[in-house]
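J.: For reference, the structure I am asking about is given below.
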Amino acid sequence: MDDMRIALDVMGGDNAPQALLRGALRACSEQAQTPLAPERVLLVGDERVIREGLEAEGGNPGFEIRHASQVVEMDDAPATALRQKRDSSISIAVQCVKEQAAGAVVSMGNTGALVAVATLGLGTLPGVKRPGIAVTFQLGSQKLTLLDMGANIAPKPEHLVQYGLMGSAYARVCLKTEGPRVGLLNIGEEDSKGTDLLKETGAILRSTSLNYVGNVEGNVLFHGAADVVVMDGFTGNVVLKLLEGFSGFMLGLVLGELKSHGVEWGGEVLNSVKKKIDYAEYGGALLLGVNGAVVVGHGRSDEVAVANALALAARNLDAGVNEAIISRVSQAGEVITEPGGGPLG
């Protein structure tokens, strides 16, 4: 089915187009845990560049190609992508979903442009006010989903509540988490802590049917306090970048200490740890709440990250995440109100 295909922006990211093409090939090969059929991948970008790139890698296994004459650069403002680069690979990939030639978009390019083009081009799901970027980490046997990671830096309480609803729906149907526990990132566990935004959000979350566990402090994020943790996009982006940088720093520090003590197997052991926190293993983040599946990849993504991003998009489509979100938000209905009683707008 066309609406289950994945449109891959081949021109986006620091390592485009080679890493994107190799990632697409990898996603359809035996190297992938669950290989995709090549017919399910739609490559978007400069057609000549794509065909020459595939030829250099051994040929086209069956990908369809959609030409795009422009590229959104990493330092372009979102407005540039919207107004001046309507034939960019990001815009055409989103257009493929809008036309139902695909059901999902994957891009390692300009995040702000992708969020803007996808939000305006596809619209939000029924009842959803603002989309949010969700990132999932594997913590042993537990999966932790954080959102928003940067789509909405100045949310209202209802936006944060809907992030809880969307994150819960995603965790339940795609990650197979029963009764996902939803927490709100705050500076203390007490309901009285935090800004007015967080206090109001907490009051509304307590009135929903979500499995709400209250405020969650940053020091227990990775200790199983919740399955979904909600935050504003500014805080979320800082948290994500801090985790990426600090995890790499700590692994390097520990490896250096092991080597200085003559431990030869340290690198092998730490490599397995690195895979659990490496963005390449997750592939990307999901833009939840738009009328289509959108995967936001890291600009530095290599072929492994690209292949995993395609797999993430496929799982999202196959699990029916958007259908689950629509149902969850609809069920909440008028429960999402201000503490004083009136509907939030």
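The way I read the labels, and the way they are meant: chains A, B, ... in the order of the structure tokens, residue 1 as the first residue of every chain, and ligand 1 as the first ligand shown, with later ones counted on from there.
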For Leu8 (chain A), work out the shell of residues within 9 Å, counting only C-alpha atoms and skipping chain neighbours fewer than 4 positions away, then give it as an mmCIF file with all heavy atoms, in the first residue's frame.
T.:
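out02.cif, freshly written:
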```cif
data_model
loop_
_atom_site.group_PDB
_atom_site.id
_atom_site.type_symbol
_atom_site.label_atom_id
_atom_site.label_comp_id
_atom_site.auth_asym_id
_atom_site.auth_seq_id
_atom_site.Cartn_x
_atom_site.Cartn_y
_atom_site.Cartn_z
ATOM 1 N N LEU A 20 22.782 8.301 3.269
ATOM 2 C CA LEU A 20 21.339 8.058 3.144
ATOM 3 C C LEU A 20 21.071 6.886 2.203
ATOM 4 O O LEU A 20 20.230 6.021 2.481
ATOM 5 C CB LEU A 20 20.640 9.315 2.633
ATOM 6 C CG LEU A 20 20.344 10.452 3.620
ATOM 7 C CD1 LEU A 20 19.388 9.981 4.701
ATOM 8 C CD2 LEU A 20 21.586 11.054 4.228
ATOM 9 N N ALA A 24 19.519 3.261 3.221
ATOM 10 C CA ALA A 24 18.329 2.676 2.592
ATOM 11 C C ALA A 24 18.609 1.249 2.137
ATOM 12 O O ALA A 24 17.781 0.350 2.318
ATOM 13 C CB ALA A 24 17.894 3.541 1.409
ATOM 14 N N VAL A 41 10.368 1.787 0.110
ATOM 15 C CA VAL A 41 11.200 2.973 0.313
ATOM 16 C C VAL A 41 11.140 3.876 -0.921
ATOM 17 O O VAL A 41 11.401 3.428 -2.035
ATOM 18 C CB VAL A 41 12.662 2.596 0.619
ATOM 19 C CG1 VAL A 41 13.503 3.850 0.820
ATOM 20 C CG2 VAL A 41 12.728 1.703 1.853
ATOM 21 N N LEU A 42 10.803 5.130 -0.716
ATOM 22 C CA LEU A 42 10.711 6.121 -1.778
ATOM 23 C C LEU A 42 11.813 7.149 -1.559
ATOM 24 O O LEU A 42 11.819 7.869 -0.569
ATOM 25 C CB LEU A 42 9.333 6.800 -1.733
ATOM 26 C CG LEU A 42 9.075 7.976 -2.657
ATOM 27 C CD1 LEU A 42 9.219 7.570 -4.115
ATOM 28 C CD2 LEU A 42 7.675 8.550 -2.405
ATOM 29 N N LEU A 43 12.783 7.197 -2.472
ATOM 30 C CA LEU A 43 13.918 8.100 -2.336
ATOM 31 C C LEU A 43 13.575 9.457 -2.948
ATOM 32 O O LEU A 43 13.128 9.536 -4.098
ATOM 33 C CB LEU A 43 15.150 7.517 -3.024
ATOM 34 C CG LEU A 43 15.598 6.127 -2.566
ATOM 35 C CD1 LEU A 43 16.844 5.689 -3.328
ATOM 36 C CD2 LEU A 43 15.866 6.111 -1.058
ATOM 37 N N VAL A 44 13.820 10.526 -2.179
ATOM 38 C CA VAL A 44 13.485 11.875 -2.633
ATOM 39 C C VAL A 44 14.747 12.726 -2.675
ATOM 40 O O VAL A 44 15.480 12.819 -1.690
ATOM 41 C CB VAL A 44 12.439 12.531 -1.705
ATOM 42 C CG1 VAL A 44 12.081 13.918 -2.220
ATOM 43 C CG2 VAL A 44 11.197 11.662 -1.582
ATOM 44 N N GLY A 45 14.984 13.359 -3.828
ATOM 45 C CA GLY A 45 16.156 14.217 -3.973
ATOM 46 C C GLY A 45 16.513 14.389 -5.433
ATOM 47 O O GLY A 45 15.703 14.101 -6.320
ATOM 48 N N SER A 89 13.998 18.680 -1.138
ATOM 49 C CA SER A 89 13.768 17.261 -0.830
ATOM 50 C C SER A 89 12.886 17.095 0.400
ATOM 51 O O SER A 89 12.069 16.164 0.474
ATOM 52 C CB SER A 89 15.107 16.531 -0.643
ATOM 53 O OG SER A 89 15.942 17.212 0.272
ATOM 54 N N ILE A 90 12.991 18.001 1.391
ATOM 55 C CA ILE A 90 12.114 17.937 2.565
ATOM 56 C C ILE A 90 10.670 18.204 2.151
ATOM 57 O O ILE A 90 9.749 17.460 2.514
ATOM 58 C CB ILE A 90 12.557 18.948 3.647
ATOM 59 C CG1 ILE A 90 13.810 18.458 4.368
ATOM 60 C CG2 ILE A 90 11.433 19.183 4.668
ATOM 61 C CD1 ILE A 90 14.324 19.401 5.443
ATOM 62 N N ALA A 93 9.227 15.333 0.023
ATOM 63 C CA ALA A 93 8.983 14.134 0.845
ATOM 64 C C ALA A 93 7.689 14.292 1.631
ATOM 65 O O ALA A 93 6.875 13.360 1.720
ATOM 66 C CB ALA A 93 10.161 13.891 1.782
ATOM 67 N N ALA A 104 4.978 7.938 5.539
ATOM 68 C CA ALA A 104 5.953 8.455 6.485
ATOM 69 C C ALA A 104 7.058 9.210 5.769
ATOM 70 O O ALA A 104 7.339 8.977 4.593
ATOM 71 C CB ALA A 104 6.557 7.310 7.303
ATOM 72 N N VAL A 105 7.681 10.126 6.503
ATOM 73 C CA VAL A 105 8.839 10.888 6.041
ATOM 74 C C VAL A 105 9.988 10.638 7.006
ATOM 75 O O VAL A 105 9.798 10.658 8.220
ATOM 76 C CB VAL A 105 8.550 12.402 6.009
ATOM 77 C CG1 VAL A 105 9.795 13.184 5.625
ATOM 78 C CG2 VAL A 105 7.423 12.723 5.059
ATOM 79 N N VAL A 106 11.193 10.427 6.454
ATOM 80 C CA VAL A 106 12.405 10.346 7.261
ATOM 81 C C VAL A 106 13.391 11.361 6.714
ATOM 82 O O VAL A 106 13.672 11.372 5.513
ATOM 83 C CB VAL A 106 13.040 8.936 7.210
ATOM 84 C CG1 VAL A 106 14.394 8.938 7.916
ATOM 85 C CG2 VAL A 106 12.122 7.908 7.844
ATOM 86 N N SER A 107 13.912 12.227 7.588
ATOM 87 C CA SER A 107 14.902 13.210 7.157
ATOM 88 C C SER A 107 15.955 13.406 8.231
ATOM 89 O O SER A 107 15.641 13.495 9.420
ATOM 90 C CB SER A 107 14.248 14.545 6.825
ATOM 91 O OG SER A 107 15.226 15.506 6.457
ATOM 92 N N LEU A 310 14.566 4.368 9.252
ATOM 93 C CA LEU A 310 13.568 3.777 8.356
ATOM 94 C C LEU A 310 12.782 2.684 9.079
ATOM 95 O O LEU A 310 11.564 2.568 8.921
ATOM 96 C CB LEU A 310 14.253 3.211 7.109
ATOM 97 C CG LEU A 310 14.771 4.253 6.113
ATOM 98 C CD1 LEU A 310 15.714 3.601 5.104
ATOM 99 C CD2 LEU A 310 13.622 4.934 5.393
#
```
J.: Give me the residues within 6 Å of Thr145 (chain A) as a list in words, counting only C-alpha atoms and dropping any in the same chain fewer than 4 places off.
T.: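 My list of contacting residues is Val135, Thr136 and Val228 of chain A.
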J.: If we count only C-alpha atoms, what is near Glu47 (chain A) at a cut-off of 7 Å, once residues fewer than 2 positions away on the same chain are taken out, given as a PyMOL selection string?
T.: chain A and resi 45+49-51+65-67
J.: What does the file look like for those residues with all heavy atoms, as a PDB file, in the first residue's frame?
T.:
```pdb
ATOM      1  N   GLY A  45      14.984  13.359  -3.828  1.00  0.00           N
ATOM      2  CA  GLY A  45      16.156  14.217  -3.973  1.00  0.00           C
ATOM      3  C   GLY A  45      16.513  14.389  -5.433  1.00  0.00           C
ATOM      4  O   GLY A  45      15.703  14.101  -6.320  1.00  0.00           O
ATOM      5  N   VAL A  49      21.746  12.466  -9.027  1.00  0.00           N
ATOM      6  CA  VAL A  49      22.640  12.137  -7.920  1.00  0.00           C
ATOM      7  C   VAL A  49      22.252  10.794  -7.297  1.00  0.00           C
ATOM      8  O   VAL A  49      23.110   9.957  -6.985  1.00  0.00           O
ATOM      9  CB  VAL A  49      22.609  13.256  -6.858  1.00  0.00           C
ATOM     10  CG1 VAL A  49      23.353  12.822  -5.587  1.00  0.00           C
ATOM     11  CG2 VAL A  49      23.225  14.531  -7.415  1.00  0.00           C
ATOM     12  N   ILE A  50      20.952  10.574  -7.124  1.00  0.00           N
ATOM     13  CA  ILE A  50      20.476   9.330  -6.516  1.00  0.00           C
ATOM     14  C   ILE A  50      20.815   8.123  -7.400  1.00  0.00           C
ATOM     15  O   ILE A  50      21.337   7.109  -6.927  1.00  0.00           O
ATOM     16  CB  ILE A  50      18.960   9.396  -6.260  1.00  0.00           C
ATOM     17  CG1 ILE A  50      18.663  10.417  -5.154  1.00  0.00           C
ATOM     18  CG2 ILE A  50      18.416   8.020  -5.865  1.00  0.00           C
ATOM     19  CD1 ILE A  50      17.179  10.664  -4.936  1.00  0.00           C
ATOM     20  N   ARG A  51      20.539   8.242  -8.695  1.00  0.00           N
ATOM     21  CA  ARG A  51      20.798   7.110  -9.604  1.00  0.00           C
ATOM     22  C   ARG A  51      22.288   6.806  -9.695  1.00  0.00           C
ATOM     23  O   ARG A  51      22.688   5.636  -9.672  1.00  0.00           O
ATOM     24  CB  ARG A  51      20.215   7.408 -10.985  1.00  0.00           C
ATOM     25  CG  ARG A  51      18.683   7.435 -10.994  1.00  0.00           C
ATOM     26  CD  ARG A  51      18.114   7.408 -12.393  1.00  0.00           C
ATOM     27  NE  ARG A  51      16.658   7.514 -12.377  1.00  0.00           N
ATOM     28  CZ  ARG A  51      15.842   6.500 -12.121  1.00  0.00           C
ATOM     29  NH1 ARG A  51      16.341   5.298 -11.841  1.00  0.00           N
ATOM     30  NH2 ARG A  51      14.524   6.678 -12.120  1.00  0.00           N
ATOM     31  N   ILE A  65      11.993   6.605  -7.129  1.00  0.00           N
ATOM     32  CA  ILE A  65      12.702   7.865  -6.937  1.00  0.00           C
ATOM     33  C   ILE A  65      11.766   9.014  -7.294  1.00  0.00           C
ATOM     34  O   ILE A  65      11.085   8.992  -8.314  1.00  0.00           O
ATOM     35  CB  ILE A  65      13.967   7.929  -7.818  1.00  0.00           C
ATOM     36  CG1 ILE A  65      14.920   6.784  -7.453  1.00  0.00           C
ATOM     37  CG2 ILE A  65      14.664   9.282  -7.654  1.00  0.00           C
ATOM     38  CD1 ILE A  65      16.086   6.635  -8.403  1.00  0.00           C
ATOM     39  N   ARG A  66      11.742  10.034  -6.429  1.00  0.00           N
ATOM     40  CA  ARG A  66      10.978  11.253  -6.697  1.00  0.00           C
ATOM     41  C   ARG A  66      11.966  12.429  -6.739  1.00  0.00           C
ATOM     42  O   ARG A  66      12.688  12.658  -5.766  1.00  0.00           O
ATOM     43  CB  ARG A  66       9.925  11.470  -5.612  1.00  0.00           C
ATOM     44  CG  ARG A  66       8.988  12.637  -5.868  1.00  0.00           C
ATOM     45  CD  ARG A  66       8.009  12.378  -6.991  1.00  0.00           C
ATOM     46  NE  ARG A  66       7.085  11.309  -6.682  1.00  0.00           N
ATOM     47  CZ  ARG A  66       5.887  11.492  -6.119  1.00  0.00           C
ATOM     48  NH1 ARG A  66       5.494  12.698  -5.780  1.00  0.00           N
ATOM     49  NH2 ARG A  66       5.099  10.444  -5.915  1.00  0.00           N
ATOM     50  N   HIS A  67      11.991  13.143  -7.857  1.00  0.00           N
ATOM     51  CA  HIS A  67      12.968  14.214  -8.043  1.00  0.00           C
ATOM     52  C   HIS A  67      12.610  15.449  -7.238  1.00  0.00           C
ATOM     53  O   HIS A  67      11.443  15.837  -7.137  1.00  0.00           O
ATOM     54  CB  HIS A  67      13.070  14.597  -9.524  1.00  0.00           C
ATOM     55  CG  HIS A  67      14.048  15.697  -9.791  1.00  0.00           C
ATOM     56  ND1 HIS A  67      15.401  15.562  -9.601  1.00  0.00           N
ATOM     57  CD2 HIS A  67      13.848  16.982 -10.209  1.00  0.00           C
ATOM     58  CE1 HIS A  67      16.007  16.691  -9.915  1.00  0.00           C
ATOM     59  NE2 HIS A  67      15.088  17.573 -10.287  1.00  0.00           N
TER      60      HIS A  67
END
```
J.: Work out how far apart CA of Lys143 (chain A) and CA of Thr208 (chain A) are and give it in Å to one decimal.
T.: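 Those two atoms sit 22.6 Å apart.
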J.: Pick the closest to Gly103 (chain A) from A:Asn316, A:Asp196, A:Asp75, A:Gly183: which is it, counting only C-alpha atoms?
T.: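 The shortest atom-to-atom distance to Gly103 (chain A) comes from A:Asn316.
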